[in-house]
Every structure is written in structure tokens, then in C-alpha cells.
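The next block holds one structure in the form of C-alpha cells; read it before the comments.
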Amino acid sequence: MIIDKWLISKDSLEKLFNVLKKDSKKIYAPVGRNGKISFRETDRFGEIDTGYIQTAQSSKEVVFPRTEKILDYNKNKDGVSVKGFDPGSIPEVVLWGVRPCDAMGIWKLSAIFNWDFKDEIFNTRLSRVTVVGFSCARADEYCFCTSAGGGPGNTEGSDILLTQLGENGDYLAEILTEKGSAIVTIASELFRENTVLNKEQFLADVPVRFDREELRVKLEKIFESGCWTKQSLRCLGCGACAYVCPTCACFDIQDEAHGGSGMRVRCWDSCGFSLFTLHTSGHNPREVQSQRWRQRIMHKFSYMPDRLSVYGCTGCGRCSRACPADMNMLEHLISIQEAEA
Amino acid sequence: MTDNIYMPFPMKIEKVIFEAPGVKTFRLKFMNEDDGNKFNFKAGQFGEYSVYGAGESTFCIASSPTRKGYIECTFRQTGKVTNALSDCEEGSVIGFRGPYGNIFPIDEWKDRNLLFIAGGIALPPMRCVIWNVLDLRENFRDVTIIYGARSVKDLVYKHELEEWKERRDIQLITTVDPGGESPDWKGEIGFVPTIVEKIAPSSKDTIAIVCGPPVMIKYTFPVLARLGFADDDIYTTLENRMKCGFGKCGRCNVGKYYVCKDGPVFTLAQLKDLPDEY
């Protein structure tokens with residue numbers, strides 16, 4: 001990893017944005033609309049809001065779209081002609097204003113999409129994204145990144161990480177990858193020598209609430225515990241937690257037909273849905289919501305670390321914020337530590 | 001063009017065989033000769049079969065890897081995709097991607113006796129192994145097949161059952177559930193586990209391969225245990241709903257094991273370590 005630290009003034013951010021725009025990259029950034037901040041394509045620096053604590057949706061859509069075409073088909077009198085996904089159609093993108101939790105989430109997705117079979121669609125998107133991360137100066141009671149292996153100034157997943165040095169201050173720019181260096185190269189006049197030694201004092205305070213290694217060990221012993229039913233009694237099985245999650249990657253494959261032609265798409269799905277595992281015979285290995293809730297927790301905190309060596313959670317807290325039944329992930333993870341086998 | 005792992009091979013339906021009510025077998029040939037030449041699989045593996053516009057469905061490859069140049073699949077018409085498949089005629093083109101999953105370790109079974117126990121529509125995954133074994137018959141000792149279905153008309157691969165019946169190097173026992181027999185039925189009458197108990201095949205140097213509906217499997221394992229079969233010598237294949245077939249879509253796992261990658265073939269010893277999630 002390259003670590004190169006520079007300073008960029010608060011006023012130069014807009015210039016940097018414009019340089020990237022001129023470099024003919026699509027820029028996705030947090031933009032507020034209808035009271036919600038989410039990542040949207042924008043070419044106006046003025047509408048970007050990087051002061052947020054958390055966006056409603058994570059930035060995963062940029063590398064793993066909600067619905068993505070796998071192939072096109074066209075039935076004709078000679079049979080059927082099929083055209084696979086075209087990597088040329090995937091643009092170079094800058095993901096601007098991403099929090100460290102979302103940046104880390106992208107790398108967790110990568111572990112899933114590269115487990116044995118390499119997913120070229122995902123990898124092509126990933127190779128064309130430059131992540132400009134922004135550290136967190138504020139956090140709320142839902143945030144638990146420090147318990148999930150991240151932190152408010154965590155660099156993992158960002159190509160450049162910007163940390164504002166105090167309210168209205170300039171930014172420390174940590175250049176972390178080749179893609180990050182490329183940005184400094186095309187806008188070198190905006191970066192100046194850095195004298196700041198420590199960014200920690202400018203970061204949000206996010207106390208560690210549980211030990212994830214201990215949790216992982218505990219989970220191996222409590223598959224049959226009554227805690228799953230107790231915790232999930234309120235769960236509606238709506239799947240909102242999975243849709244806002246930066247690391248949830250479970251998907252469905254469906255055909256969308258329009259007469260004799262159409263496309264095959266890969267689209268987000270959720271282990272919280274009752275139909276997710278339903279066999280054609282009517283048998284369902286995860287018949288009740290408690291089994292589906294257990295799958296969600298086990299997958300993220302036991303199976304993924306076991307099989308992929310990464311945890312499936314970044315501690316962004318979106319699932320707790322989005323839950324219509326007010327199920328709080330952090331509270332449940334803490335209470336699992338106390339659960340009886 | 002990159003390596004799109006979701007891209008199916010175009011396959012031509014060379015032959016359609018009517019097996020039982022709602023059950024058909026397709027013989028599929030690679031449209032591109034090059035795909036066919038490069039294609040390799042082993043007994044136990046599965047694939048995703050698709051009809052464009054309807055979607056993909058998961059089944060095993062039912063033909064033996066010793067039979068080159070084509071693959072076969074047998075399916076029951078039950079859902080959207082299998083209905084669309086069923087509507088396809090000889091000459092139509094469908095999609096196939098695979099092979100996925102692990103294999104039956106046939107190479108390790110050399111000089112052992114083999115006992116195949118199958119129920120209903122679960123004969124197809126086993127048929128692949130049976131033909132593989134029969135094509136290398138000299139490598140194995142006694143081969144016994146116990147196959148049952150709800151009724152006579154539900155037995156699949158009827159012609160092959162005839163052929164196996166005629167062969168002197170296989171012992172074939174067919175059975176139908178009580179009430180499922182026809183007036184001229186000459187096989188056994190009774191549920192598969194009952195017939196296994198009655199025939200009482202020896203467990204000495206024997207590998208048992210069991211495929212069938214969950215209820216059949218549930219009652220057959222204890223019978224095999226009583227006959228002295230070790231958990232390591234009993235094999236089965238699991239089915240769980242799948243979309244991708246290669247460990248990404250997230251629905252076929254049983255605990256931390258993925259049926260699509262760690263399975264579908266498991267020994268009873270392995271199954272006993274899995275949580276009850278299949």
C-alpha cells in the first residue's frame with residue numbers, strides 16, 4: 001500500500017472535483033434530495049453534501065447495481081442469439097464522499113465475487129471505480145465501525161482518504177493506491193506539503209462495543225439457541241436491512257422477456273425473504289423467520305470469516321436505521337454474547 | 001468478450017425422451033464443437049439449464065462422463081422454467097452452464113461392492129454414477145440397485161431398467177409404494193427403506209449411494225446403520241435452491257457449507273456435522 005500524505009485546502013475541493021469531471025469520469029457523490037442523502041451521479045459540486053453521518057443507501061450500487069444485465073437474447077427463426085455483458089459499457093467512475101465503512105464494504109463484496117469463480121462483471125466495475133473517501137468527524141448511536149474492524153478514519157477500500165482537520169479546516173489527503181496517485185498527478189497544483197502528523201484528533205469517537213473474534217467463536221456454539229427466535233420475533237422479513245447493507249451480496253437471476261427478446265438480469269435479493277430458499281417441492285430449509293435471521297447473522301459473523309477470511313459487516317449501522325420494526329443490529333450482536341447455547 | 005461466468009453454452013436438444021408423467025429426459029449437444037471438446041465433468045456434478053425468457057433451473061447431469069459428445073438431463077415439470085423446458089422440442093436451443101459442484105469419488109471405490117438406493121425422480125443423479133460404474137465394470141465388485149417410485153408409471157428410465165434387469169453383472173430390485181402396483185407388476189411392493197431392510201444387502205466392503213426424497217432418505221439411513229454400514233461409506237447428494245451455482249448468490253448453504261461448492265455430494269458422516277438446514 002502506498003501511503004503518501006498531502007494537504008488540500010477546503011476551497012480546492014471544488015477544483016479537484018472539476019478536474020476529475022474534465023477527466024471525463026462519471027462522478028457519484030452524496031446528494032440530498034427529498035430529505036434523503038444518497039449517492040447520485042452529479043456534475044455540480046454545489047449539490048454535494050459530505051457532512052452526513054450516514055446515507056440511507058450504501059454506495060455498493062456503483063460496483064454491484066441493484067439490477068444488472070448479464071446477457072441479452074433474441075429469438076429468431078434460426079434459433080436464439082445471445083449477447084453477453086459488454087465490459088466496454090462500464091464507465092470510469094469516481095465515487096466521491098464515501099465513508100470509510102462503505103469503502104471497506106466494497107472490498108468485502110470483492111471477497112464474495114472472487115471466491116473461486118471470478119466474477120468479471122463485478123471486477124470490471126471495481127477496476128473502473130476510484131474511491132475518494134471522507135473520514136467521519138461525527139457518528140451516531142447506530143455506528144459501530146470500530147467493533148467491525150473499521151474506524152472513522154479507516155483507509156481500507158479508499159484510493160484517497162480525505163480527513164477534514166477541524167470544522168471548516170483544510171483536508172489531509174492520504175493517497176493509498178495507484179488510482180489515488182493518478183488523481184494527485186492530474187491535479188498536482190491543488191496538493192501541498194503536509195505538516196499534520198495525526199488525524200486521530202479530528203475523527204469521530206466510536207467506542208468499541210464488542211469483540212468480533214469472540215462473537216465468531218460464540219456463534220459456532222449457538223446454532224440451536226433460543227436467542228434467534230427471541231431476537232427475530234419482531235422481524236417482518238421485509239429485507240430492508242439487506243438492501244441498505246454495503247456488504248449484502250445475495251442475488252437472484254431472472255429473465256425479463258419482451259416478446260421474443262429480452263435480457264437475463266442479476267438483482268439484489270435477501271436471505272430475510274421466505275421465498276429465498278423455497279424449493280419447488282414446497283420444502284423450505286429456512287421455513288421460519290428466526291432461521292432466516294440466524295442466517296443473516298451467521299453469514300456475516302461466522303461463515304464469511306470462516307470461508308472468505310472477511311467479516312460481512314462494516315458497522316455502518318444502516319440496517320438498524322432502516323428497520324421498520326426497530327431491530328437494532330448492535331444491540332442484538334451484544335446480546336448474542338450473553339445468549340445460552 | 002471477457003469470461004462471463006453467467007454465460008450459458010448454447011445447446012441443441014438432440015433427443016427428447018418421455019420418462020414418466022411430467023418427466024422428460026433431454027439429450028443435449030454443444031452447438032459449438034469447441035465448447036464440447038473443452039467440456040469435462042465428473043459424476044455428481046450439476047449445471048444450470050435455461051430457456052431464454054423463462055430463466056434458469058438447477059439439475060444434475062444425468063448422463064455418464066464416459067459417454068462423450070453429449071450430456072443428458074432429466075427433470076420433472078413443476079415450475080416456470082421446467083414447464084418452459086418441457087415445451088421445447090427436438091432441435092430447439094437451450095442454455096447450459098456448468099459443471100458445478102463436487103463429485104462422487106468413484107476412483108476411491110475400486111474393488112468395492114456398490115449399493116445404489118434411489119427413489120422417484122432422484123434416480124437421475126444416480127444414473128450418471130451407475131453408467132459411469134457400468135462402463136468401467138471390471139473396477140468394481142457386486143453392483144446392486146434398489147429403485148422405487150410411487151407407482152409403476154412413475155418409474156423413470158424404464159428402458160434402462162429393462163436393460164439392467166437383463167444384465168447378469170447387476171442385481172436390480174425395483175419396487176413401488178403399496179397401491180402403486182399395476183396388475184402385471186413383477187417387482188417388489190413396499191417403500192424403499194422397507195425393501196432395503198428386506199433385501200438386507202451386506203455392508204461388507206460396500207459403498208452405499210442413496211438419493212431420494214427427504215422422507216425416503218430419513219428412513220433409509222437407519223436401515224443402513226442396522227446393516228452395519230459406516231457413515232463414511234454412505235453417500236448422498238443434497239438439493240437446495242440455487243441461482244448461481246458457484247457460491248455467490250447465497251441461498252444453498254447449510255451452515256457454512258455451500259451445496260453448490262462443497263456439495264452436492266456428501267457422506268452421511270459429513271451430513272451429521274451439518275445443521276438441519278436442508
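All residue names refer to the C-alpha cells as shown: chains lettered A, B, ... in order, residues numbered from 1 in each chain, ligands numbered from 1 in order.
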*Skip stretch 276-286 of chain A itself and residues of its chain fewer than 3 positions away, then list as number ranges by chain all residues within 10 Å of it, counting only C-alpha atoms.*
A: 250-252, 269-273, 289-295; B: 78-80, 213-214, 239-242, 250-254, 276-278
*Write down as a ChimeraX atom specification the residues of stretch 134-239 of chain A whose backbone DSSP state falls under alpha helix (DSSP H).*
/A:178-186,212-219,227-232
*If you run DSSP over the backbone, which residues in stretch 65-176 of chain B end up strand (DSSP E)? Put them as a PyMOL selection string.*
chain B and resi 71-76+93-100+113-119+143-149+171-176
Please produce a file of the residues just selected, as a compact mmCIF listing (two decimals), in the first residue's frame, where the atoms kept are C-alpha atoms.
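Heads up, here's the output in result10.txt:
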# COMPACT_ATOMS: atom_id res chain seq x y z
CA ILE B 71 -24.97 -34.53 -21.84
CA GLU B 72 -28.40 -35.54 -20.61
CA CYS B 73 -30.71 -34.11 -18.01
CA THR B 74 -33.94 -35.45 -16.61
CA PHE B 75 -36.44 -33.14 -15.00
CA ARG B 76 -39.96 -33.07 -13.68
CA VAL B 93 -31.72 -24.45 -28.48
CA ILE B 94 -31.46 -24.01 -24.73
CA GLY B 95 -28.70 -22.74 -22.44
CA PHE B 96 -26.50 -24.74 -20.12
CA ARG B 97 -23.74 -23.63 -17.81
CA GLY B 98 -21.64 -25.87 -15.63
CA PRO B 99 -20.35 -28.23 -14.48
CA TYR B 100 -20.51 -27.14 -10.86
CA ASN B 113 -19.26 -53.53 -3.78
CA LEU B 114 -21.68 -50.77 -4.71
CA LEU B 115 -25.24 -50.46 -3.46
CA PHE B 116 -27.40 -47.83 -5.15
CA ILE B 117 -30.67 -46.87 -3.47
CA ALA B 118 -32.90 -44.37 -5.25
CA GLY B 119 -36.46 -43.11 -5.02
CA VAL B 143 -23.39 -53.82 -8.09
CA THR B 144 -26.88 -53.74 -6.57
CA ILE B 145 -29.55 -51.20 -7.44
CA ILE B 146 -32.71 -50.75 -5.39
CA TYR B 147 -35.07 -48.33 -7.05
CA GLY B 148 -38.57 -47.39 -6.06
CA ALA B 149 -41.28 -44.97 -7.13
CA GLN B 171 -28.70 -57.04 -9.29
CA LEU B 172 -31.69 -54.72 -9.82
CA ILE B 173 -34.60 -54.59 -7.42
CA THR B 174 -37.49 -52.33 -8.31
CA THR B 175 -40.34 -51.51 -6.01
CA VAL B 176 -43.46 -49.38 -5.95
*So how many Å separate atom CA of B:Val265 and atom CA of B:Asp111, to one decimal?*
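According to the coordinates, atom CA of B:Val265 and atom CA of B:Asp111 are separated by 20.8 Å.
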*Between A:Ile253, A:Val63, A:Ala187, A:Ala148, which one has atoms that come closest to A:Val129, using only C-alpha atoms?*
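Nearest to A:Val129: A:Val63.
Shortest separation to A:Ile8 among A:Ser188, A:Ser274, A:Gln337, A:Ser89 occurs at residue A:Ser188, atoms counted being only C-alpha atoms.
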_Please compute the atom CA of A:Tyr28-atom CA of A:Lys118 distance, one decimal, in Å._
25.6 Å
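Nearest to B:Gly120 of all the residues B:Phe59, B:Phe221, B:Phe191, B:Tyr70 is B:Phe191, counting only C-alpha atoms.
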*asked:* Between A:Asn74, A:Asn328, A:Ser127, A:Thr42, which residue has the minimum interatomic distance to chain B, considering only C-alpha atoms?
replied: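 Of all the options, A:Asn74 lies closest to chain B.
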I want to know what sits within 9 Å of stretch 172-184 of chain A, based on only C-alpha atoms, with residues of the same chain fewer than 6 positions away left out; could you give that as a PDB file with N, CA and C atoms, in the first residue's frame?
ATOM      1  N   MET A   1       0.854  -1.206   0.000  1.00  0.00           N
ATOM      2  CA  MET A   1       0.000   0.000   0.000  1.00  0.00           C
ATOM      3  C   MET A   1       0.886   1.251   0.000  1.00  0.00           C
ATOM      4  N   ILE A   2       0.506   2.192  -0.846  1.00  0.00           N
ATOM      5  CA  ILE A   2       1.232   3.459  -0.895  1.00  0.00           C
ATOM      6  C   ILE A   2       0.630   4.334   0.202  1.00  0.00           C
ATOM      7  N   ILE A   3       1.443   4.928   1.029  1.00  0.00           N
ATOM      8  CA  ILE A   3       0.850   5.954   1.893  1.00  0.00           C
ATOM      9  C   ILE A   3       1.647   7.227   1.721  1.00  0.00           C
ATOM     10  N   ASP A   4       0.921   8.197   1.237  1.00  0.00           N
ATOM     11  CA  ASP A   4       1.537   9.438   0.879  1.00  0.00           C
ATOM     12  C   ASP A   4       0.567  10.486   1.412  1.00  0.00           C
ATOM     13  N   LYS A   5       1.047  11.398   2.236  1.00  0.00           N
ATOM     14  CA  LYS A   5       0.105  12.345   2.842  1.00  0.00           C
ATOM     15  C   LYS A   5       0.331  13.761   2.334  1.00  0.00           C
ATOM     16  N   TRP A   6      -0.761  14.393   1.924  1.00  0.00           N
ATOM     17  CA  TRP A   6      -0.730  15.750   1.413  1.00  0.00           C
ATOM     18  C   TRP A   6      -1.812  16.564   2.106  1.00  0.00           C
ATOM     19  N   LEU A   7      -1.782  17.876   1.821  1.00  0.00           N
ATOM     20  CA  LEU A   7      -2.869  18.730   2.284  1.00  0.00           C
ATOM     21  C   LEU A   7      -3.588  19.284   1.065  1.00  0.00           C
ATOM     22  N   ILE A   8      -4.887  19.420   1.194  1.00  0.00           N
ATOM     23  CA  ILE A   8      -5.635  20.110   0.146  1.00  0.00           C
ATOM     24  C   ILE A   8      -6.584  21.064   0.856  1.00  0.00           C
ATOM     25  N   SER A   9      -6.628  22.294   0.385  1.00  0.00           N
ATOM     26  CA  SER A   9      -7.440  23.281   1.097  1.00  0.00           C
ATOM     27  C   SER A   9      -8.910  23.010   0.823  1.00  0.00           C
ATOM     28  N   LEU A  16     -10.712  20.276  -7.482  1.00  0.00           N
ATOM     29  CA  LEU A  16     -10.379  18.864  -7.675  1.00  0.00           C
ATOM     30  C   LEU A  16     -11.542  18.132  -8.348  1.00  0.00           C
ATOM     31  N   VAL A  19     -11.581  18.984 -11.951  1.00  0.00           N
ATOM     32  CA  VAL A  19     -10.514  18.311 -12.704  1.00  0.00           C
ATOM     33  C   VAL A  19     -10.942  16.885 -13.040  1.00  0.00           C
ATOM     34  N   LEU A  20     -11.530  16.206 -12.042  1.00  0.00           N
ATOM     35  CA  LEU A  20     -11.974  14.820 -12.257  1.00  0.00           C
ATOM     36  C   LEU A  20     -13.085  14.765 -13.297  1.00  0.00           C
ATOM     37  N   VAL A 129     -13.585   2.020 -10.789  1.00  0.00           N
ATOM     38  CA  VAL A 129     -14.047   2.950  -9.752  1.00  0.00           C
ATOM     39  C   VAL A 129     -12.848   3.490  -8.993  1.00  0.00           C
ATOM     40  N   THR A 130     -12.816   4.798  -8.836  1.00  0.00           N
ATOM     41  CA  THR A 130     -11.833   5.424  -7.957  1.00  0.00           C
ATOM     42  C   THR A 130     -12.589   5.932  -6.739  1.00  0.00           C
ATOM     43  N   VAL A 131     -12.159   5.502  -5.565  1.00  0.00           N
ATOM     44  CA  VAL A 131     -12.889   5.847  -4.349  1.00  0.00           C
ATOM     45  C   VAL A 131     -12.203   7.008  -3.623  1.00  0.00           C
ATOM     46  N   VAL A 132     -12.921   8.124  -3.547  1.00  0.00           N
ATOM     47  CA  VAL A 132     -12.438   9.268  -2.776  1.00  0.00           C
ATOM     48  C   VAL A 132     -13.196   9.257  -1.455  1.00  0.00           C
ATOM     49  N   THR A 155      -8.592   3.467   6.269  1.00  0.00           N
ATOM     50  CA  THR A 155      -8.218   3.737   4.875  1.00  0.00           C
ATOM     51  C   THR A 155      -8.602   2.617   3.904  1.00  0.00           C
ATOM     52  N   GLU A 156      -8.938   1.445   4.422  1.00  0.00           N
ATOM     53  CA  GLU A 156      -9.175   0.273   3.571  1.00  0.00           C
ATOM     54  C   GLU A 156     -10.301   0.516   2.552  1.00  0.00           C
ATOM     55  N   GLY A 157      -9.997   0.314   1.306  1.00  0.00           N
ATOM     56  CA  GLY A 157     -11.013   0.464   0.263  1.00  0.00           C
ATOM     57  C   GLY A 157     -10.995   1.812  -0.431  1.00  0.00           C
ATOM     58  N   SER A 158     -10.400   2.822   0.198  1.00  0.00           N
ATOM     59  CA  SER A 158     -10.327   4.135  -0.442  1.00  0.00           C
ATOM     60  C   SER A 158      -9.061   4.220  -1.294  1.00  0.00           C
ATOM     61  N   ASP A 159      -9.143   4.973  -2.380  1.00  0.00           N
ATOM     62  CA  ASP A 159      -7.940   5.260  -3.160  1.00  0.00           C
ATOM     63  C   ASP A 159      -7.278   6.525  -2.632  1.00  0.00           C
ATOM     64  N   ILE A 160      -8.139   7.483  -2.236  1.00  0.00           N
ATOM     65  CA  ILE A 160      -7.672   8.661  -1.485  1.00  0.00           C
ATOM     66  C   ILE A 160      -8.596   8.780  -0.295  1.00  0.00           C
ATOM     67  N   LEU A 161      -8.077   9.060   0.866  1.00  0.00           N
ATOM     68  CA  LEU A 161      -8.957   9.345   2.002  1.00  0.00           C
ATOM     69  C   LEU A 161      -8.711  10.782   2.459  1.00  0.00           C
ATOM     70  N   LEU A 162      -9.798  11.558   2.479  1.00  0.00           N
ATOM     71  CA  LEU A 162      -9.701  12.949   2.910  1.00  0.00           C
ATOM     72  C   LEU A 162     -10.224  13.068   4.342  1.00  0.00           C
ATOM     73  N   THR A 163      -9.457  13.731   5.185  1.00  0.00           N
ATOM     74  CA  THR A 163      -9.897  13.949   6.565  1.00  0.00           C
ATOM     75  C   THR A 163      -9.867  15.447   6.827  1.00  0.00           C
ATOM     76  N   GLN A 164     -11.042  15.987   7.164  1.00  0.00           N
ATOM     77  CA  GLN A 164     -11.074  17.429   7.412  1.00  0.00           C
ATOM     78  C   GLN A 164     -10.446  17.712   8.785  1.00  0.00           C
ATOM     79  N   LEU A 165      -9.535  18.668   8.785  1.00  0.00           N
ATOM     80  CA  LEU A 165      -8.797  18.966  10.005  1.00  0.00           C
ATOM     81  C   LEU A 165      -9.548  20.033  10.783  1.00  0.00           C
ATOM     82  N   LEU A 190      -3.045  21.422  -6.728  1.00  0.00           N
ATOM     83  CA  LEU A 190      -4.009  21.589  -5.628  1.00  0.00           C
ATOM     84  C   LEU A 190      -3.509  20.987  -4.311  1.00  0.00           C
ATOM     85  N   PHE A 191      -2.495  20.126  -4.416  1.00  0.00           N
ATOM     86  CA  PHE A 191      -1.998  19.458  -3.201  1.00  0.00           C
ATOM     87  C   PHE A 191      -0.723  20.141  -2.734  1.00  0.00           C
ATOM     88  N   ASN A 194       2.413  18.541   3.551  1.00  0.00           N
ATOM     89  CA  ASN A 194       1.621  18.350   4.749  1.00  0.00           C
ATOM     90  C   ASN A 194       2.486  18.430   5.987  1.00  0.00           C
ATOM     91  N   VAL A 196       0.718  18.033   9.071  1.00  0.00           N
ATOM     92  CA  VAL A 196      -0.112  17.403  10.103  1.00  0.00           C
ATOM     93  C   VAL A 196       0.407  15.999  10.371  1.00  0.00           C
ATOM     94  N   LYS A 199      -4.180  12.507  12.407  1.00  0.00           N
ATOM     95  CA  LYS A 199      -5.552  12.855  12.043  1.00  0.00           C
ATOM     96  C   LYS A 199      -6.534  12.434  13.121  1.00  0.00           C
TER      97      LYS A 199
END
*For stretch 122-125 of chain A, work out the shell of residues within 10 Å, counting only C-alpha atoms and skipping chain neighbours fewer than 2 positions away, then give it as a list in words.*
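So the residues in contact are Val62, Val63, Phe64, Pro65, Pro87, Gly88, Ser89, Ile90, Pro91, Glu92, Val93, Leu109, Ser110, Phe113, Asn114, Lys118, Asp119, Glu120, Ser127, Arg128 and Val129 of chain A; Thr2 of chain B.
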*Mind giving me the straight-line distance from atom CA of A:Gly97 to atom CA of A:Ala242 in Å, one decimal?*
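Computed distance, atom CA of A:Gly97 to atom CA of A:Ala242, equals 22.0 Å.
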Using only C-alpha atoms, which protein or nucleic acid residues come within 8 Å of stretch 10-21 of chain B? Drop anything in the same chain fewer than 4 positions from it, and give the result as a PDB file with C-alpha atoms, in the first residue's frame.
ATOM      1  CA  THR B  25     -35.023 -36.506 -20.492  1.00  0.00           C
ATOM      2  CA  PHE B  26     -33.174 -34.235 -22.912  1.00  0.00           C
ATOM      3  CA  ARG B  27     -30.055 -35.236 -24.737  1.00  0.00           C
ATOM      4  CA  LEU B  28     -28.126 -32.020 -25.334  1.00  0.00           C
ATOM      5  CA  LYS B  29     -25.348 -31.373 -27.795  1.00  0.00           C
ATOM      6  CA  PHE B  30     -22.984 -28.416 -27.735  1.00  0.00           C
ATOM      7  CA  MET B  31     -23.770 -26.082 -30.641  1.00  0.00           C
ATOM      8  CA  ASN B  32     -20.138 -25.006 -30.786  1.00  0.00           C
ATOM      9  CA  GLU B  89     -38.948 -29.738 -28.915  1.00  0.00           C
ATOM     10  CA  GLU B  90     -36.140 -31.669 -30.534  1.00  0.00           C
ATOM     11  CA  GLY B  91     -33.937 -29.228 -32.405  1.00  0.00           C
ATOM     12  CA  SER B  92     -34.603 -26.280 -30.078  1.00  0.00           C
ATOM     13  CA  VAL B  93     -31.720 -24.453 -28.476  1.00  0.00           C
ATOM     14  CA  ILE B  94     -31.463 -24.015 -24.729  1.00  0.00           C
ATOM     15  CA  GLY B  95     -28.698 -22.742 -22.443  1.00  0.00           C
ATOM     16  CA  PHE B  96     -26.499 -24.735 -20.119  1.00  0.00           C
ATOM     17  CA  LYS B 153     -45.876 -45.263 -14.167  1.00  0.00           C
ATOM     18  CA  ASP B 154     -43.615 -43.001 -12.047  1.00  0.00           C
ATOM     19  CA  LEU B 155     -40.536 -45.189 -12.561  1.00  0.00           C
ATOM     20  CA  VAL B 156     -38.099 -43.319 -14.803  1.00  0.00           C
ATOM     21  CA  TYR B 157     -35.635 -44.751 -17.347  1.00  0.00           C
ATOM     22  CA  LYS B 158     -37.933 -47.721 -17.967  1.00  0.00           C
TER      23      LYS B 158
END
